[in-house]
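Written out below as structure tokens is the structure these notes cover.
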Amino acid sequence: MSPSTDFIPFALPSLGREEEEAVLAVLRSGWLTTGAVALRFEEEFAAFVGTPHALAVNSATSGLHLALEALGVGPGDRVVTSPYTFASTAAVARHLGAEVVFCDVVPGGYNLDTGRLAEVLASTRNVKAVIPVHVGGLPCDMEEILALARRYGCAVVEDAAHAFPSRMAGGFAGTLGDIGVYSFYATKTITTGDGGMVVTSDARLAKRMGTMRMHGIDRPVWDRYTSKTASWSYSVVEAGYKYNLPDLLAAIGREQLKKADRFLAERREIAGIYGAAFRDLPFAEPAPDGPGHAWHLYSLRLKPGTLRAGRDEFVGGLREAGVGTSVHFIPLHTMPYWARRYGLEPESFPEALASFQRTVSLPIWQGMGPERARSVARAVAETGAGLSA
Ligand SMILES: Cc1ncc(COP(=O)(O)O)c(C=O)c1O
């Protein structure tokens, strides 16, 4: 496909013969659901990010739910997170009967503002957990967030749905808080179609999440139909969920994991091309960068008042030029459910609102290559120039 003439989609998974063969092997094995392959995926993922406990789950949403449940979040508790996230980060707190307290993001960016977090924690009672979201794969200021959480006695659950593999000096994003949750949804850097991984260094939390992931059953039961030694017997000790990742999908994850470093290098190259191309644009600026950025998203920031048309026209112009885009995120506090529940206005979180109004997510995927990245950069410059005020 020629980058100059063909449409460049916003996202495209990178799946090869390895994934196809791994899935076929599972299909032919006679064991489709969670079993030896998912177990291996967990071990390999744990080794990759350097954590003692990794649990494969059917989505990051399930993983976030398990995390808060294991921490004992329930009615009367509060969970603090940013409105600049996807629906599930906040919804899981409500599933457990807890209330959500939103905290604005940093000016000019997408991650939790630790100055505001300090104010929120100082003025809010019964906060059981904070969920920092590493938006687009750029790690939050975890040092400060962990220090604040320690001071106010609350747990930290990292929403690392975008942040694989965000490698920093102190460890991978997702392994720094009490619990970290990764997503393998179809557009993520490594994918299983749908899926996720929950990590923790706390054996008690891992045990609880393992039990609740599988119907509240008190022991691993995946081999109960095939093992020559396992008993058919089991006990349901809690009203658990059904959040396991089947071997069919874990097989894809194992192959994707082997390619993760290469995927990251390719994304970095594209982000580098964009960063250089957008540095001097009169109408936009590059996505914020920082240590450990996984570049799951590349979020161009339009400069207010520089275009004679709005973002929709800019996005439409890019589409005509053959470039797919998206917008991350429509802040949760502007969504009817959250606005209604807590009486919120769009201006309640002005930085989240400003970032949302300015942002356009550009294509960034492994296999896209530098030539397509340069085509996108050209299309951005030309579309913006054509719409300049
Ligand atoms: C920030 C964030 N958190 C959580 C999720 C939920 O992930 P999943 O689709 O694996 O449930 C998403 C989904 O894209 C997300 O963007």
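Numbering starts fresh at 1 for the residues of each chain in the structure tokens, the chains themselves are lettered A, B, ... in the order given, and ligands are numbered from 1 as they appear.
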Proximity check range 232-351 of chain A to range 121-136 of chain A, 10 Å, nearest pairs one decimal Å, only C-alpha atoms, as a Markdown table:
| residue | atom | partner | partner_atom | distance |
| --- | --- | --- | --- | --- |
| A:Ala287 | CA | A:Gly136 | CA | 9.7 |
| A:Pro288 | CA | A:Gly136 | CA | 9.9 |
| A:His293 | CA | A:Gly136 | CA | 8.1 |
| A:Ala294 | CA | A:Gly136 | CA | 7.5 |
| A:Trp295 | CA | A:Gly136 | CA | 6.1 |
| A:His296 | CA | A:Gly136 | CA | 5.0 |
| A:Leu297 | CA | A:Gly136 | CA | 4.5 |
| A:Tyr298 | CA | A:Gly136 | CA | 7.0 |
| A:Ser299 | CA | A:Gly136 | CA | 7.8 |
| A:His328 | CA | A:Gly136 | CA | 8.4 |
| A:Phe329 | CA | A:Val135 | CA | 9.2 |
Hey, what's within 7 Å of Gly97 in chain A if we count only C-alpha atoms and toss same-chain stuff fewer than 4 positions away? As a ChimeraX atom specification, please?
/A:74-75,93
C-alpha atoms of the current selection, written as a PDB file, in the first residue's frame:
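To be explicit, this is the file written out as again.pdb:
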ATOM      1  CA  GLY A  74     -17.604  -0.510  48.934  1.00  0.00           C
ATOM      2  CA  PRO A  75     -20.535   1.708  49.934  1.00  0.00           C
ATOM      3  CA  ALA A  93     -16.223   2.194  41.678  1.00  0.00           C
TER       4      ALA A  93
END
Check which residues fall inside 10 Å of ligand 1 when counting only C-alpha atoms and all ligand atoms, and print them as an MDAnalysis selection string.
chainID A and resid 57:65 82 84:90 131:137 158:163 181:188 191:197 296 328:329
Just C-alpha atoms for this one: save the residues we selected as a PDB file, in the first residue's frame.
ATOM      1  CA  VAL A  57      -8.349 -11.223  32.709  1.00  0.00           C
ATOM      2  CA  ASN A  58     -10.884 -10.766  29.910  1.00  0.00           C
ATOM      3  CA  SER A  59     -10.565  -6.940  29.931  1.00  0.00           C
ATOM      4  CA  ALA A  60      -8.922  -4.093  31.802  1.00  0.00           C
ATOM      5  CA  THR A  61     -12.423  -3.138  32.925  1.00  0.00           C
ATOM      6  CA  SER A  62     -12.718  -6.496  34.698  1.00  0.00           C
ATOM      7  CA  GLY A  63      -9.230  -5.996  36.104  1.00  0.00           C
ATOM      8  CA  LEU A  64     -10.090  -2.578  37.554  1.00  0.00           C
ATOM      9  CA  HIS A  65     -13.232  -4.044  39.110  1.00  0.00           C
ATOM     10  CA  SER A  82      -9.322  11.917  36.636  1.00  0.00           C
ATOM     11  CA  TYR A  84      -9.811  12.375  31.476  1.00  0.00           C
ATOM     12  CA  THR A  85     -10.319   8.655  30.963  1.00  0.00           C
ATOM     13  CA  PHE A  86     -12.481   5.951  29.512  1.00  0.00           C
ATOM     14  CA  ALA A  87     -15.845   4.984  31.006  1.00  0.00           C
ATOM     15  CA  SER A  88     -14.692   1.965  32.996  1.00  0.00           C
ATOM     16  CA  THR A  89     -12.048   3.655  35.185  1.00  0.00           C
ATOM     17  CA  ALA A  90     -14.825   5.366  37.137  1.00  0.00           C
ATOM     18  CA  ILE A 131      -6.654   5.638  40.214  1.00  0.00           C
ATOM     19  CA  PRO A 132      -4.045   7.529  38.193  1.00  0.00           C
ATOM     20  CA  VAL A 133      -4.501   6.983  34.437  1.00  0.00           C
ATOM     21  CA  HIS A 134      -1.342   6.954  32.310  1.00  0.00           C
ATOM     22  CA  VAL A 135      -3.112   8.580  29.373  1.00  0.00           C
ATOM     23  CA  GLY A 136      -1.766   7.598  25.984  1.00  0.00           C
ATOM     24  CA  GLY A 137       1.092   5.706  27.664  1.00  0.00           C
ATOM     25  CA  GLU A 158      -2.737   2.315  38.257  1.00  0.00           C
ATOM     26  CA  ASP A 159      -4.932   2.389  35.173  1.00  0.00           C
ATOM     27  CA  ALA A 160      -2.143   1.245  32.872  1.00  0.00           C
ATOM     28  CA  ALA A 161      -4.566   0.347  30.068  1.00  0.00           C
ATOM     29  CA  HIS A 162      -2.442   2.479  27.689  1.00  0.00           C
ATOM     30  CA  ALA A 163       0.880   2.063  29.416  1.00  0.00           C
ATOM     31  CA  VAL A 181      -4.140  -2.971  35.258  1.00  0.00           C
ATOM     32  CA  TYR A 182      -3.203  -3.292  31.558  1.00  0.00           C
ATOM     33  CA  SER A 183      -5.536  -3.594  28.564  1.00  0.00           C
ATOM     34  CA  PHE A 184      -5.111  -5.798  25.497  1.00  0.00           C
ATOM     35  CA  TYR A 185      -8.129  -4.339  23.671  1.00  0.00           C
ATOM     36  CA  ALA A 186      -7.884  -4.423  19.877  1.00  0.00           C
ATOM     37  CA  THR A 187      -6.267  -0.987  19.468  1.00  0.00           C
ATOM     38  CA  LYS A 188      -3.712  -1.374  22.263  1.00  0.00           C
ATOM     39  CA  THR A 191      -3.563  -7.050  21.866  1.00  0.00           C
ATOM     40  CA  THR A 192      -5.516 -10.235  22.438  1.00  0.00           C
ATOM     41  CA  GLY A 193      -8.634  -8.781  20.744  1.00  0.00           C
ATOM     42  CA  ASP A 194     -10.083  -8.171  24.194  1.00  0.00           C
ATOM     43  CA  GLY A 195      -8.192  -8.897  27.387  1.00  0.00           C
ATOM     44  CA  GLY A 196      -6.083  -7.503  30.177  1.00  0.00           C
ATOM     45  CA  MET A 197      -3.580  -8.219  32.913  1.00  0.00           C
ATOM     46  CA  HIS A 296      -0.039   4.164  22.733  1.00  0.00           C
ATOM     47  CA  HIS A 328      -9.144  10.788  23.510  1.00  0.00           C
ATOM     48  CA  PHE A 329     -11.062  11.436  25.682  1.00  0.00           C
TER      49      PHE A 329
END
Strand (DSSP E) positions in range 164-356 of chain A, given as a ChimeraX atom specification
/A:167-168,171-172,179-183,196-200,284-285,298-302
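Among the candidates A:Ala47, A:Leu257, A:Leu66, A:Ala339, the one nearest to Val100 in chain A when counting only C-alpha atoms is A:Ala339.
Distances here use only C-alpha atoms; by that measure, the residue among A:Ala251, A:Ala67, A:Met335, A:Ala169 closest to Ser29 in chain A is A:Ala251.
Of note, CA of Gly367 in chain A and CA of Leu248 in chain A are spaced 23.8 Å apart.
Rounded to one decimal, CA of Gly153 in chain A and CA of Ala118 in chain A lie 12.6 Å from each other.
Residues lying within 10 Å of Asp178 in chain A, counting only C-alpha atoms and ignoring same-chain neighbours fewer than 4 positions away, are Ala67, Leu71, Ala129, Leu146, Cys154, Ala155, Val156, Val157, Glu158, Gly174, Val199, Thr200, Ser201, Asp202 and Leu205 of chain A.
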Can you tell me, as a ChimeraX atom specification, what residues are no more than 6 Å from Ala54 in chain A when counting only C-alpha atoms, ignoring any on the same chain fewer than 6 positions away?
/A:42,46,198-199
Identify all residues of range 31-272 of chain A in helix (DSSP H, G or I) (DSSP on the backbone) and supply them as an NGL selection string.
:A and (36-49 or 60-70 or 87-95 or 114-123 or 135-137 or 142-152 or 203-213 or 247-258 or 260-272)
List every residue of range 94-184 of chain A that has an atom at most 12 Å from any atom of range 351-357 of chain A, and for each one report the closest atom pair and its distance in Å to one decimal, counting only C-alpha atoms, with rows sorted by chain and then by increasing residue number, as CSV.
residue,atom,partner,partner_atom,distance
A:Phe102,CA,A:Ala352,CA,10.5
A:Cys103,CA,A:Ala352,CA,9.3
A:Asp104,CA,A:Ala352,CA,6.1
A:Val105,CA,A:Ala352,CA,5.7
A:Val106,CA,A:Glu351,CA,6.7
A:Pro107,CA,A:Glu351,CA,5.5
A:Gly108,CA,A:Ser355,CA,6.6
A:Gly109,CA,A:Ser355,CA,6.5
A:Tyr110,CA,A:Ser355,CA,6.8
A:Asn111,CA,A:Ala352,CA,9.1
A:Leu112,CA,A:Ala352,CA,9.5
A:Asp113,CA,A:Glu351,CA,9.5
A:Arg116,CA,A:Glu351,CA,11.2
A:Val135,CA,A:Ser355,CA,12.0
